[in-house]
Each structure stands twice: as C-alpha cells, then as structure tokens.
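One structure is given below, encoded as structure tokens.
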Amino acid sequence: DQQVKQNSPSLSVQEGRISILNCDYTNSMFDYFLWYKKYPAEGPTFLISISSIKDKNEDGRFTVFLNKSAKHLSLHIVPSQPGDSAVYFCAATSTSGTYKYIFGTGTRLKVLA
Amino acid sequence: NAGVTQTPKFRVLKTGQSMTLLCAQDMNHEYMYWYRQDPGMGLRLIHYSVGEGTTAKGEVPDGYNVSRLKKQNFLLGLESAAPSQTSVYFCASRSPGGQTQYFGPGTRLLVL
C-alpha cells in the first residue's frame with residue numbers, strides 16, 4: 001500500500017524553463033509534507049516543506065503547492081538550472097501521534113543546458 | 001558541526017555474516033531513523049528511535065535490530081545478512097520541535 005506516490009520516475013527540462021514535479025498521497029492524516037533533493041552517492045537534503053494549513057510555500061526558485069482536496073502536491077522550480085539535476089523525493093507525515101515519514105519513490109530530474 | 005555521519009561508507013558481506021552500521025549525530029537530536037533505499041522503492045523506514053534507550057519498528061524491520069544506548073548514536077545490526085539486504089542505508093535525525101530530517105551520506109551494502 002503506497003501511501004505517497006510519485007508517478008513520474010523521470011523528467012527532462014530545458015535550462016531556464018519550469019520544472020514541475022508531482023506527488024500524490026492517500027492518507028488523510030498526513031498534515032506536513034516535505035521535498036528532499038538527492039545527488040548520487042549523497043544523502044537526501046531538505047529542500048522545502050509545507051503544512052496542511054497552507055496551500056503554497058515559496059523559497060527562492062522553489063515553490064510547493066498543496067491541494068488537500070485532491071491529496072496532491074507539486075514542486076515548481078523556476079527557472080530550472082543544470083545544478084538542479086537530481087532525484088527529488090516527496091515525504092509526508094502526521095504531526096500528531098506518529099514520528100514516521102513516508103517517502104515517495106522519487107523523480108529523477110534532468111535539466112538540459 | 002559534522003551533522004549526521006555514517007560508518008562504514010561501503011561494505012561487502014557474505015550471506016550469513018553479521019555487521020553493525022553506525023550512525024552518529026552531533027546536533028543533539030532526540031529522534032533518529034534508519035532507512036533503506038532500493039531502486040524504484042524510494043526510502044523505506046526500517047527502525048526509528050524517539051530518544052535514548054528507545055527503539056520502534058518501521059515499515060521493513062525484519063532481519064534488522066537497532067540500539068540507541070547513547071543519544072548521539074543509533075546502531076543498525078544485521079545478524080545474518082541475506083542478499084535481499086543489499087541496499088543503500090541512510091540514517092537521519094531530527095529535533096522534536098522541527099519536522100525536517102537531516103540525513104547522513106549513506107552506507108552502501110552488498111551481500112553476496
């Protein structure tokens with residue numbers, strides 16, 4: 001039972017254009033969502049997060065949108081840069097009653113120069 | 001600050017051998033986690049700890065044991081390694097007041 005899904009294993013985008021990475025979840029108890037970026041042979045690093053009380057959070061070139069009714073979140077990167085090429089994981093958790101995080105399977109983003 | 005460190009970086013084991021992976025953090029975090037990452041599977045939680053002396057099972061705990069004798073260290077043990085345990089193992093930690101996990105660089109384990 002995959003509670004967090006990233007249905008696109010890979011995505012290629014031209015440098016300077018927008019990258020949109022998607023994530024769907026099934027558990028309505030999740031109320032906090034995070035995006036992590038992972039380069040080869042390194043551990044994941046935190047990128048941006050959003051609480052369920054918001055529908056948008058922005059940090060520089062990165063924006064996360066949350067649609068609670070659709071149980072869907074997306075990460076927008078504008079403009080995309082070659083250094084953004086990495087695997088992106090979304091993760092979800094419930095801030096009450098659990099300490100666990102459920103991760104999606106990741107989307108490999110390739111930004112073409 | 002070193003953050004989260006993992007030892008060793010890479011290891012090859014034969015089926016049936018045992019080993020311990022060490023995770024250390026210097027951020028005084030209460031919560032620590034062990035994940036494994038396999039192709040197409042994302043990160044799956046093996047065990048976690050919410051404080052010194054406590055441990056709990058995650059999604060895929062079978063074949064692993066853990067110990068948290070000191071707050072800064074979280075050990076993951078494989079008593080009898082199997083080829084299915086070939087994976088990349090990541091440790092993470094976070095503080096109770098925050099939701100962000102900080103990950104170590106990973107340990108690549110190959111079981112022959």
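Chain lettering (A, B, ...) mirrors the order of the structure tokens, residue numbering begins at 1 for each chain separately, and ligand numbering begins at 1 in order of display.
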
- Task: Define the interface residues of chain A facing chain B as those within 7 Å, counting only C-alpha atoms, and report them as a VMD selection string.
- Result: chain A and resid 42 to 46 103 to 106

- Message: If we count only C-alpha atoms and set the cut-off at 7 Å, which residues sit around range 50-66 of chain A, ignoring sequence neighbours fewer than 6 positions away in its own chain? Please answer as a list in words.
- Response: Asp31, Tyr32, Phe33, Leu34, His72, Leu73, Ser74, Leu75, His76, Ile77, Val78 and Pro79 of chain A

Atoms to include: N, CA and C atoms. Write the selected residues as a PDB file, in the first residue's frame.
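What ended up in again-v8.pdb:
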ATOM      1  N   ASP A  31      -0.350  15.724   7.485  1.00  0.00           N
ATOM      2  CA  ASP A  31      -0.590  17.157   7.550  1.00  0.00           C
ATOM      3  C   ASP A  31       0.685  17.974   7.379  1.00  0.00           C
ATOM      4  N   TYR A  32       1.771  17.305   7.012  1.00  0.00           N
ATOM      5  CA  TYR A  32       3.015  18.037   6.757  1.00  0.00           C
ATOM      6  C   TYR A  32       3.760  17.301   5.673  1.00  0.00           C
ATOM      7  N   PHE A  33       4.252  18.087   4.718  1.00  0.00           N
ATOM      8  CA  PHE A  33       4.853  17.498   3.528  1.00  0.00           C
ATOM      9  C   PHE A  33       6.206  18.155   3.256  1.00  0.00           C
ATOM     10  N   LEU A  34       7.135  17.343   2.789  1.00  0.00           N
ATOM     11  CA  LEU A  34       8.486  17.844   2.559  1.00  0.00           C
ATOM     12  C   LEU A  34       8.987  17.363   1.205  1.00  0.00           C
ATOM     13  N   HIS A  72      -2.869  16.119  -3.323  1.00  0.00           N
ATOM     14  CA  HIS A  72      -1.831  16.269  -4.344  1.00  0.00           C
ATOM     15  C   HIS A  72      -0.938  17.451  -3.987  1.00  0.00           C
ATOM     16  N   LEU A  73       0.369  17.250  -4.154  1.00  0.00           N
ATOM     17  CA  LEU A  73       1.265  18.397  -4.029  1.00  0.00           C
ATOM     18  C   LEU A  73       2.231  18.395  -5.203  1.00  0.00           C
ATOM     19  N   SER A  74       2.739  19.580  -5.482  1.00  0.00           N
ATOM     20  CA  SER A  74       3.667  19.710  -6.591  1.00  0.00           C
ATOM     21  C   SER A  74       4.790  20.661  -6.191  1.00  0.00           C
ATOM     22  N   LEU A  75       5.938  20.418  -6.781  1.00  0.00           N
ATOM     23  CA  LEU A  75       7.113  21.261  -6.584  1.00  0.00           C
ATOM     24  C   LEU A  75       7.423  21.935  -7.909  1.00  0.00           C
ATOM     25  N   HIS A  76       7.480  23.260  -7.886  1.00  0.00           N
ATOM     26  CA  HIS A  76       7.816  24.026  -9.073  1.00  0.00           C
ATOM     27  C   HIS A  76       9.206  24.633  -8.905  1.00  0.00           C
ATOM     28  N   ILE A  77      10.026  24.476  -9.920  1.00  0.00           N
ATOM     29  CA  ILE A  77      11.355  25.058  -9.915  1.00  0.00           C
ATOM     30  C   ILE A  77      11.436  26.013 -11.108  1.00  0.00           C
ATOM     31  N   VAL A  78      11.603  27.291 -10.790  1.00  0.00           N
ATOM     32  CA  VAL A  78      11.652  28.304 -11.851  1.00  0.00           C
ATOM     33  C   VAL A  78      12.725  29.356 -11.531  1.00  0.00           C
ATOM     34  N   PRO A  79      13.674  29.629 -12.433  1.00  0.00           N
ATOM     35  CA  PRO A  79      13.965  28.841 -13.622  1.00  0.00           C
ATOM     36  C   PRO A  79      14.813  27.630 -13.263  1.00  0.00           C
TER      37      PRO A  79
END

- Test item: residues at most 9 Å from Thr7 in chain B, only C-alpha atoms, excluding those fewer than 3 positions along its chain, as number ranges by chain: B: 10, 20-24, 106-107
